[in-house]
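A.B. asks: This is the structure I have questions about; it appears just below.
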Amino acid sequence: MAALLEIKDLSAAAEDKQILSGVSMSIGEGETHVLMGHNGAGKSTLGLCIMGSPEYTVTGGRIFFDGEDITELSPDKRAKAGIFLSFQTPVEIAGITLSEFLRNALEQVTGRRMKLWDFKKKLKAAMELLDMDTAYADRDLNVGFSGGEKKKAEILQLLILSPRLAILDETDSGLDIDAVRTVSKGIEEYKKATNGTLLIITHNAKILEALEVDRTHILSAGTNADEGGGELALKVLEQGFENYKGKVEA
Amino acid sequence: MKEKTQVDDIDRSLYDFRYDEDESEFFDSGISDDIIRAISDEKNDTDWMREFRLRSLAIYERTKMTDWGPSIEGLDLDNIVTYIRQSSRMNTDWESVPEDIKDTFERLGIPQAERESLAGVGAQYDSELVYHNVRKEVAESGVVYTDLESAMHDPAYADMIREHFMKLVPPTDHKFAALHGAVWSGGSFVYVPRGVKLDIPLQSYFRLNAKGAGQFEHTLIILEDNSSLHFIEGCSAPKYYEAGLHAGCVELFVGKNAKLRYSTIENWSKNMYNLNTKRALVEEGGKVEWVSGSFGSHVSYLYPTSILNGRGATAEFTGITFAGAGQNLDTGAKIIHNAPDTSSYINTKSISKSGGISTFRSAVTVAKKAEGSRSSVSCESLMLDDISRSDTIPVMDIRTDKADIGHEAKIGRISDEAVFYLTSRGLDEESARAMIVRGFADNVSKELPLEYAMEMNNLIGLEMKGSIG
């Protein structure tokens with residue numbers, strides 16, 4: 001089976017600083033992959049490059065999604081193709097409510113406008129699953145949300161937009177145990193409802209507990225340092241990245 | 001590669017249609033004693049008004065041109081037609097309005113708005129009101145809504161008008177106030193009796209159709225004690241090569257515990273000089289709320305002033321200014337706290353793009369006797385590119401220690417991060433930017449009546465089209 005996401009020898013720079021140097025990765029439809037590495041290894045950059053952040057320039061390699069070369073596509077076209085990135089620090093947008101924004105985004109990715117009533121029902125159900133106060137739907141997008149609520153709002157967007165591939169960038173960081181559990185519940189629901197494909201960037205074993213991890217990728221200094229099955233993620237969580245540092249630098 | 005779109009002038013077809021005028025109805029261009037006398041004859045002015053016009057002309061002639069704001073050099077006052085005779089009289093029956101004028105307002109949605117959500121409507125075409133109508137039940141409550149000329153000849157209101165006309169904005173105020181005093185024509189007179197509260201708005205719409213003409217309407221609103229009113233003003237003009245001039249005047253008298261909301265969406269064509277003067281006098285416990293959207297004109301000078309003249313009087317000003325290519329919009333608000341325990345809140349947003357200049361001026365004066373007063377001024381600017389400009393010029397003159405004054409100004413740009421966030425959810429870049437701008441303007445559009453909020457959102461959408469370079 002052809003991979004849903006295929007990254008081939010990807011290099012990327014921000015301004016003049018080279019951050020990724022020849023990363024490769026292949027994720028099949030419906031699989032769950034974990035991306036790990038010490039701080040500054042390039043994990044977030046890889047997520048942002050897959051989404052098409054203008055902050056980074058691809059200096060080499062290609063990204064394929066569902067067989068199409070998306071390396072040059074604008075972020076909105078990637079979103080329409082079915083890619084979603086949960087941001088580590090979601091941006092606050094004043095004057096646009098979460099609900100209004102999400103209904104617009106849904107229209108963009110599906111190409112049709114959902115009836116307001118149906119949308120509200122769908123939104124309410126997802127918010128309840130995530131233990132979110134439904135009043136947040138009418139608040140300005142992320143404005144004044146606590147760190148936890150922002151993360152939940154990202155997962156809420158994931159549930160509503162149901163993309164084919166979701167990249168979750170430290171969606172669990174800064175959350176208390178209950179919130180991590182709630183967020184995990186949301187991710188499971190996404191997986192269950194849409195046979196979604198996941199690329200999870202994390203330092204936290206908790207969020208992986210309920211998920212069956214198919215592959216683990218270790219990044220170090222902007223390149224692949226190791227790859228293995230789900231057990232590799234757990235091993236690294238126990239032992240840290242010490243083993244990898246020397247390996248790449250050498 | 002990112003796609004680029006061409007920067008085009010916005011599609012103003014909704015506003016830009018126009019009808020040819022019968023030029024025999026134009027008065028000579030320029031400003032002279034003869035022209036003023038001719039206007040006065042045409043209007044069958046009372047003696048005092050005729051003298052008032054001539055006195056204003058004398059003041060106009062000796063007053064220096066305004067020189068502290070955006071350049072108005074392109075305005076040739078010798079070429080402005082100050083008065084255009086209307087071929088028909090003022091009507092209260094929509095069907096009797098001449099066909100081309102009727103069509104103009106129908107395209108702008110005026111009679112439709114009246115049917116749906118307004119207590120009364122006035123429509124001015126060039127120099128004269130062409131239509132005025134008030135719902136029966138509103139008229140029965142004693143509310144008067146008519147053109148100023150008719151009211152001036154009505155024995156019931158003649159004295160009232162003489163007592164209030166250009167008392168808040170005297171002809172000595174500035175050159176264009178003097179010009180207004182000399183050549184004013186059309187506009188509205190609204191009188192709300194004591195205790196009458198109108199819960200649906202009155203609206204007037206000003207349309208300048210003729211080229212090279214000036215519009216000098218005068219709006220006089222008097223609210224007696226304990227009354228309330230929402231008045232909406234809309235303005236537009238098609239585009240001509242000759243510059244047009246709008247030097248209107250708005251005077252609002254708000255009685256004790258009365259409440260007046262004055263909403264404006266101004267969308268003059270982008271070669272108009274909009275030199276408008278608006279002022280409100282608020283008595284004890286009264287309140288004036290200004291909601292102001294400035295989108296059009298080449299140059300604007302617009303600073304609605306509120307004089308808080310009685311204990312506990314309040315003024316709120318909520319405004320948005322959007323300056324695009326070739327526009328220099330100088331807007332703001334002035335508050336004079338002239339009594340104890342008065343409050344003012346100024347909240348404005350300005351947006352500039354494609355080389356547009358947007359300047360926000362606020363002037364808050366707190367008199368020595370205005371102890372216990374509070375004022376809060378907040379101004380946010382958004383510049384959409386590197387070639388546009390936004391300036392904030394706050395002035396405060398506080399003459400008592402016992403006042404609570406706050407000021408906040410923010411100037412920013414649309415962050416790339418925010419655009420990326422929205423585009424990563426499927427919105428294209430143009431929509432993402434428009435969404436951010438709409439969000440920025442949201443607290444103003446929230447204050448507008450629904451159809452105006454929609455018009456403003458459409459205007460922002462139009463302005464944002466092709467804004468990505």
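Letters A, B, ... mark the chains of the structure tokens in the order given; residue numbers begin at 1 per chain; ligand numbers begin at 1, in order shown.
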Do you have, as CSV, the list of residues of chain B lying at most 12 Å from chain A, each with its nearest atom pair and that distance in Å to one decimal, counting only C-alpha atoms and ordered by chain then number?
C.D. replies:
residue,atom,partner,partner_atom,distance
B:Met1,CA,A:Glu72,CA,6.0
B:Lys2,CA,A:Ser74,CA,6.5
B:Glu3,CA,A:Ser74,CA,8.4
B:Lys4,CA,A:Ser74,CA,11.6
B:Ile414,CA,A:Ile93,CA,10.3
B:Ser415,CA,A:Val91,CA,9.7
B:Asp416,CA,A:Pro54,CA,8.1
B:Glu417,CA,A:Val91,CA,7.2
B:Ala418,CA,A:Val91,CA,5.9
B:Val419,CA,A:Val91,CA,9.4
B:Phe420,CA,A:Ser53,CA,6.4
B:Tyr421,CA,A:Val91,CA,6.7
B:Leu422,CA,A:Asp76,CA,8.2
B:Thr423,CA,A:Asp76,CA,4.6
B:Ser424,CA,A:Pro75,CA,5.0
B:Arg425,CA,A:Ala79,CA,5.7
B:Gly426,CA,A:Asp76,CA,4.1
B:Leu427,CA,A:Asp76,CA,5.5
B:Asp428,CA,A:Asp76,CA,5.4
B:Glu429,CA,A:Asp76,CA,7.7
B:Glu430,CA,A:Asp76,CA,10.7
B:Ser431,CA,A:Asn104,CA,10.0
B:Ala432,CA,A:Asp76,CA,9.7
B:Arg433,CA,A:Ile93,CA,11.0
B:Ala434,CA,A:Ile96,CA,11.1
B:Met435,CA,A:Ile96,CA,7.5
B:Ile436,CA,A:Ile93,CA,6.9
B:Val437,CA,A:Gly95,CA,8.8
B:Arg438,CA,A:Gly95,CA,7.2
B:Gly439,CA,A:Gly95,CA,3.6
B:Phe440,CA,A:Gly95,CA,5.9
B:Ala441,CA,A:Gly95,CA,7.4
B:Asp442,CA,A:Gly95,CA,5.2
B:Asn443,CA,A:Gly95,CA,7.2
B:Val444,CA,A:Gly95,CA,10.1
B:Ser445,CA,A:Gly95,CA,10.1
B:Lys446,CA,A:Gly95,CA,9.8
A.B. asks: Give me the residues near stretch 125-137 of chain A as a PyMOL selection string, where near means some atom within 6 Å (using only C-alpha atoms) and where sequence neighbours in that chain fewer than 6 positions away do not count.
C.D. replies: chain A and resi 98-99+182
A.B. asks: May I have the selected residues written with C-alpha atoms, as a PDB file, in the first residue's frame?
C.D. replies:
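The file below, again_0.pdb, is the result:
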ATOM      1  CA  LEU A  98     -14.324  29.818  17.703  1.00  0.00           C
ATOM      2  CA  SER A  99     -17.617  28.589  16.288  1.00  0.00           C
ATOM      3  CA  THR A 182      -9.449  14.320  28.035  1.00  0.00           C
TER       4      THR A 182
END
A.B. asks: Counting only C-alpha atoms, what is within 12 Å of A:Leu165, bar same-chain residues fewer than 6 positions away, as an MDAnalysis selection string?
C.D. replies: chainID A and resid 3:6 27:33 47 50:51 65:66 78:86 158:159 187 190:191 194:200
A.B. asks: Compile the contact shell of B:Tyr191 as a PyMOL selection string: residues with an atom at most 12 Å away, counting only C-alpha atoms, same-chain residues fewer than 3 positions apart removed.
C.D. replies: chain B and resi 138-139+141-148+151+156-157+160-161+164+188+194-198+202+219-225+227-229+231+252-255+260
A.B. asks: I need the strand (DSSP E) residues of stretch 46-194 of chain A per DSSP on the backbone, written as a list of chain:residue names.
C.D. replies: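 Output for stretch 46-194 of chain A, strand (DSSP E) only: A:Thr57, A:Val58, A:Thr59, A:Gly60, A:Gly61, A:Arg62, A:Ile63, A:Phe64, A:Phe65, A:Glu68, A:Asp69, A:Ile83, A:Phe84, A:Leu85, A:Ser86, A:Leu165, A:Ala166, A:Ile167, A:Leu168, A:Asp169.
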A.B. asks: Would you write out those residues with N, CA, C and O atoms, as an mmCIF file, in the first residue's frame?
C.D. replies:
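Just written: out.cif:
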data_model
loop_
_atom_site.group_PDB
_atom_site.id
_atom_site.type_symbol
_atom_site.label_atom_id
_atom_site.label_comp_id
_atom_site.auth_asym_id
_atom_site.auth_seq_id
_atom_site.Cartn_x
_atom_site.Cartn_y
_atom_site.Cartn_z
ATOM 1 N N THR A 57 12.008 27.574 4.589
ATOM 2 C CA THR A 57 12.222 27.353 3.163
ATOM 3 C C THR A 57 12.724 25.933 2.979
ATOM 4 O O THR A 57 13.690 25.533 3.634
ATOM 5 N N VAL A 58 12.052 25.210 2.116
ATOM 6 C CA VAL A 58 12.521 23.859 1.818
ATOM 7 C C VAL A 58 13.728 23.983 0.894
ATOM 8 O O VAL A 58 13.637 24.567 -0.188
ATOM 9 N N THR A 59 14.867 23.478 1.355
ATOM 10 C CA THR A 59 16.101 23.630 0.576
ATOM 11 C C THR A 59 16.470 22.356 -0.168
ATOM 12 O O THR A 59 17.409 22.334 -0.957
ATOM 13 N N GLY A 60 15.711 21.273 0.116
ATOM 14 C CA GLY A 60 15.984 20.030 -0.595
ATOM 15 C C GLY A 60 14.944 18.989 -0.240
ATOM 16 O O GLY A 60 14.277 19.093 0.787
ATOM 17 N N GLY A 61 14.747 18.008 -1.118
ATOM 18 C CA GLY A 61 13.817 16.920 -0.849
ATOM 19 C C GLY A 61 12.379 17.272 -1.201
ATOM 20 O O GLY A 61 12.087 18.396 -1.603
ATOM 21 N N ARG A 62 11.501 16.272 -1.066
ATOM 22 C CA ARG A 62 10.094 16.468 -1.431
ATOM 23 C C ARG A 62 9.175 15.907 -0.356
ATOM 24 O O ARG A 62 9.560 15.016 0.409
ATOM 25 N N ILE A 63 7.941 16.436 -0.343
ATOM 26 C CA ILE A 63 6.897 15.872 0.523
ATOM 27 C C ILE A 63 5.756 15.408 -0.382
ATOM 28 O O ILE A 63 5.270 16.180 -1.219
ATOM 29 N N PHE A 64 5.352 14.155 -0.221
ATOM 30 C CA PHE A 64 4.217 13.635 -0.991
ATOM 31 C C PHE A 64 3.073 13.311 -0.053
ATOM 32 O O PHE A 64 3.279 12.758 1.028
ATOM 33 N N PHE A 65 1.865 13.698 -0.470
ATOM 34 C CA PHE A 65 0.691 13.343 0.313
ATOM 35 C C PHE A 65 -0.285 12.642 -0.607
ATOM 36 O O PHE A 65 -0.680 13.187 -1.644
ATOM 37 N N GLU A 68 0.647 12.742 -4.183
ATOM 38 C CA GLU A 68 0.850 14.030 -4.846
ATOM 39 C C GLU A 68 2.026 14.768 -4.200
ATOM 40 O O GLU A 68 2.161 14.758 -2.973
ATOM 41 N N ASP A 69 2.814 15.427 -5.028
ATOM 42 C CA ASP A 69 3.897 16.250 -4.496
ATOM 43 C C ASP A 69 3.297 17.554 -3.971
ATOM 44 O O ASP A 69 2.765 18.359 -4.735
ATOM 45 N N ILE A 83 -4.593 17.581 5.483
ATOM 46 C CA ILE A 83 -3.555 17.628 6.515
ATOM 47 C C ILE A 83 -3.969 18.620 7.600
ATOM 48 O O ILE A 83 -4.518 19.687 7.304
ATOM 49 N N PHE A 84 -3.696 18.265 8.816
ATOM 50 C CA PHE A 84 -4.033 19.123 9.952
ATOM 51 C C PHE A 84 -2.846 19.159 10.895
ATOM 52 O O PHE A 84 -2.224 18.142 11.165
ATOM 53 N N LEU A 85 -2.549 20.355 11.401
ATOM 54 C CA LEU A 85 -1.484 20.488 12.404
ATOM 55 C C LEU A 85 -2.063 21.113 13.659
ATOM 56 O O LEU A 85 -2.648 22.194 13.607
ATOM 57 N N SER A 86 -1.900 20.406 14.773
ATOM 58 C CA SER A 86 -2.300 20.990 16.044
ATOM 59 C C SER A 86 -1.099 21.789 16.558
ATOM 60 O O SER A 86 -0.018 21.248 16.735
ATOM 61 N N LEU A 165 -4.810 13.261 7.839
ATOM 62 C CA LEU A 165 -3.576 13.166 8.624
ATOM 63 C C LEU A 165 -3.550 14.276 9.666
ATOM 64 O O LEU A 165 -3.737 15.447 9.328
ATOM 65 N N ALA A 166 -3.329 13.889 10.925
ATOM 66 C CA ALA A 166 -3.230 14.899 11.974
ATOM 67 C C ALA A 166 -1.834 14.857 12.575
ATOM 68 O O ALA A 166 -1.359 13.800 12.980
ATOM 69 N N ILE A 167 -1.191 16.021 12.591
ATOM 70 C CA ILE A 167 0.111 16.128 13.235
ATOM 71 C C ILE A 167 -0.140 16.844 14.562
ATOM 72 O O ILE A 167 -0.651 17.970 14.569
ATOM 73 N N LEU A 168 0.179 16.202 15.650
ATOM 74 C CA LEU A 168 -0.084 16.806 16.958
ATOM 75 C C LEU A 168 1.234 17.201 17.600
ATOM 76 O O LEU A 168 2.024 16.352 17.993
ATOM 77 N N ASP A 169 1.468 18.501 17.662
ATOM 78 C CA ASP A 169 2.745 18.984 18.181
ATOM 79 C C ASP A 169 2.641 19.293 19.669
ATOM 80 O O ASP A 169 2.156 20.344 20.065
#
A.B. asks: Tell me, in Å to one decimal, how far atom CA of A:Lys151 is from atom CA of A:Glu170.
C.D. replies: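 If I compute the distance from atom CA of A:Lys151 to atom CA of A:Glu170, I get 9.2 Å.
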A.B. asks: Hey, can you check how far atom CA of A:Glu188 sits from atom CA of A:Leu123?
C.D. replies: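 Between atom CA of A:Glu188 and atom CA of A:Leu123 the gap is 17.1 Å.
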A.B. asks: What's the separation between atom CA of B:Met456 and atom CA of B:Trp268, in Å to one decimal place?
C.D. replies: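 Between atom CA of B:Met456 and atom CA of B:Trp268 the gap is 13.5 Å.
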A.B. asks: With distances taken over only C-alpha atoms, which of A:Asp214, A:Gly37, A:Asn243, A:Asp118 is nearest to A:Glu231?
C.D. replies: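 When distances to A:Glu231 are compared using only C-alpha atoms, the smallest one comes from A:Asp214.
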A.B. asks: Tell me which protein, DNA and RNA residues are within 8 Å of stretch 50-52 of chain B, counting only C-alpha atoms, leaving out same-chain ones fewer than 6 positions away, and put them as an mmCIF file with N, CA, C and O atoms, in the first residue's frame.
C.D. replies:
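What ended up in part26.cif:
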data_model
loop_
_atom_site.group_PDB
_atom_site.id
_atom_site.type_symbol
_atom_site.label_atom_id
_atom_site.label_comp_id
_atom_site.auth_asym_id
_atom_site.auth_seq_id
_atom_site.Cartn_x
_atom_site.Cartn_y
_atom_site.Cartn_z
ATOM 1 N N ARG B 37 -27.003 85.017 -2.377
ATOM 2 C CA ARG B 37 -28.335 85.646 -2.468
ATOM 3 C C ARG B 37 -29.287 84.797 -3.317
ATOM 4 O O ARG B 37 -30.469 84.649 -2.999
ATOM 5 N N SER B 40 -30.414 81.882 -1.352
ATOM 6 C CA SER B 40 -31.352 82.358 -0.336
ATOM 7 C C SER B 40 -32.734 82.633 -0.954
ATOM 8 O O SER B 40 -33.763 82.274 -0.380
ATOM 9 N N GLY B 181 -22.332 77.656 6.626
ATOM 10 C CA GLY B 181 -23.324 78.648 7.043
ATOM 11 C C GLY B 181 -23.852 79.460 5.867
ATOM 12 O O GLY B 181 -25.017 79.852 5.834
ATOM 13 N N ALA B 182 -22.992 79.672 4.891
ATOM 14 C CA ALA B 182 -23.393 80.486 3.746
ATOM 15 C C ALA B 182 -24.206 79.696 2.717
ATOM 16 O O ALA B 182 -25.175 80.203 2.165
#
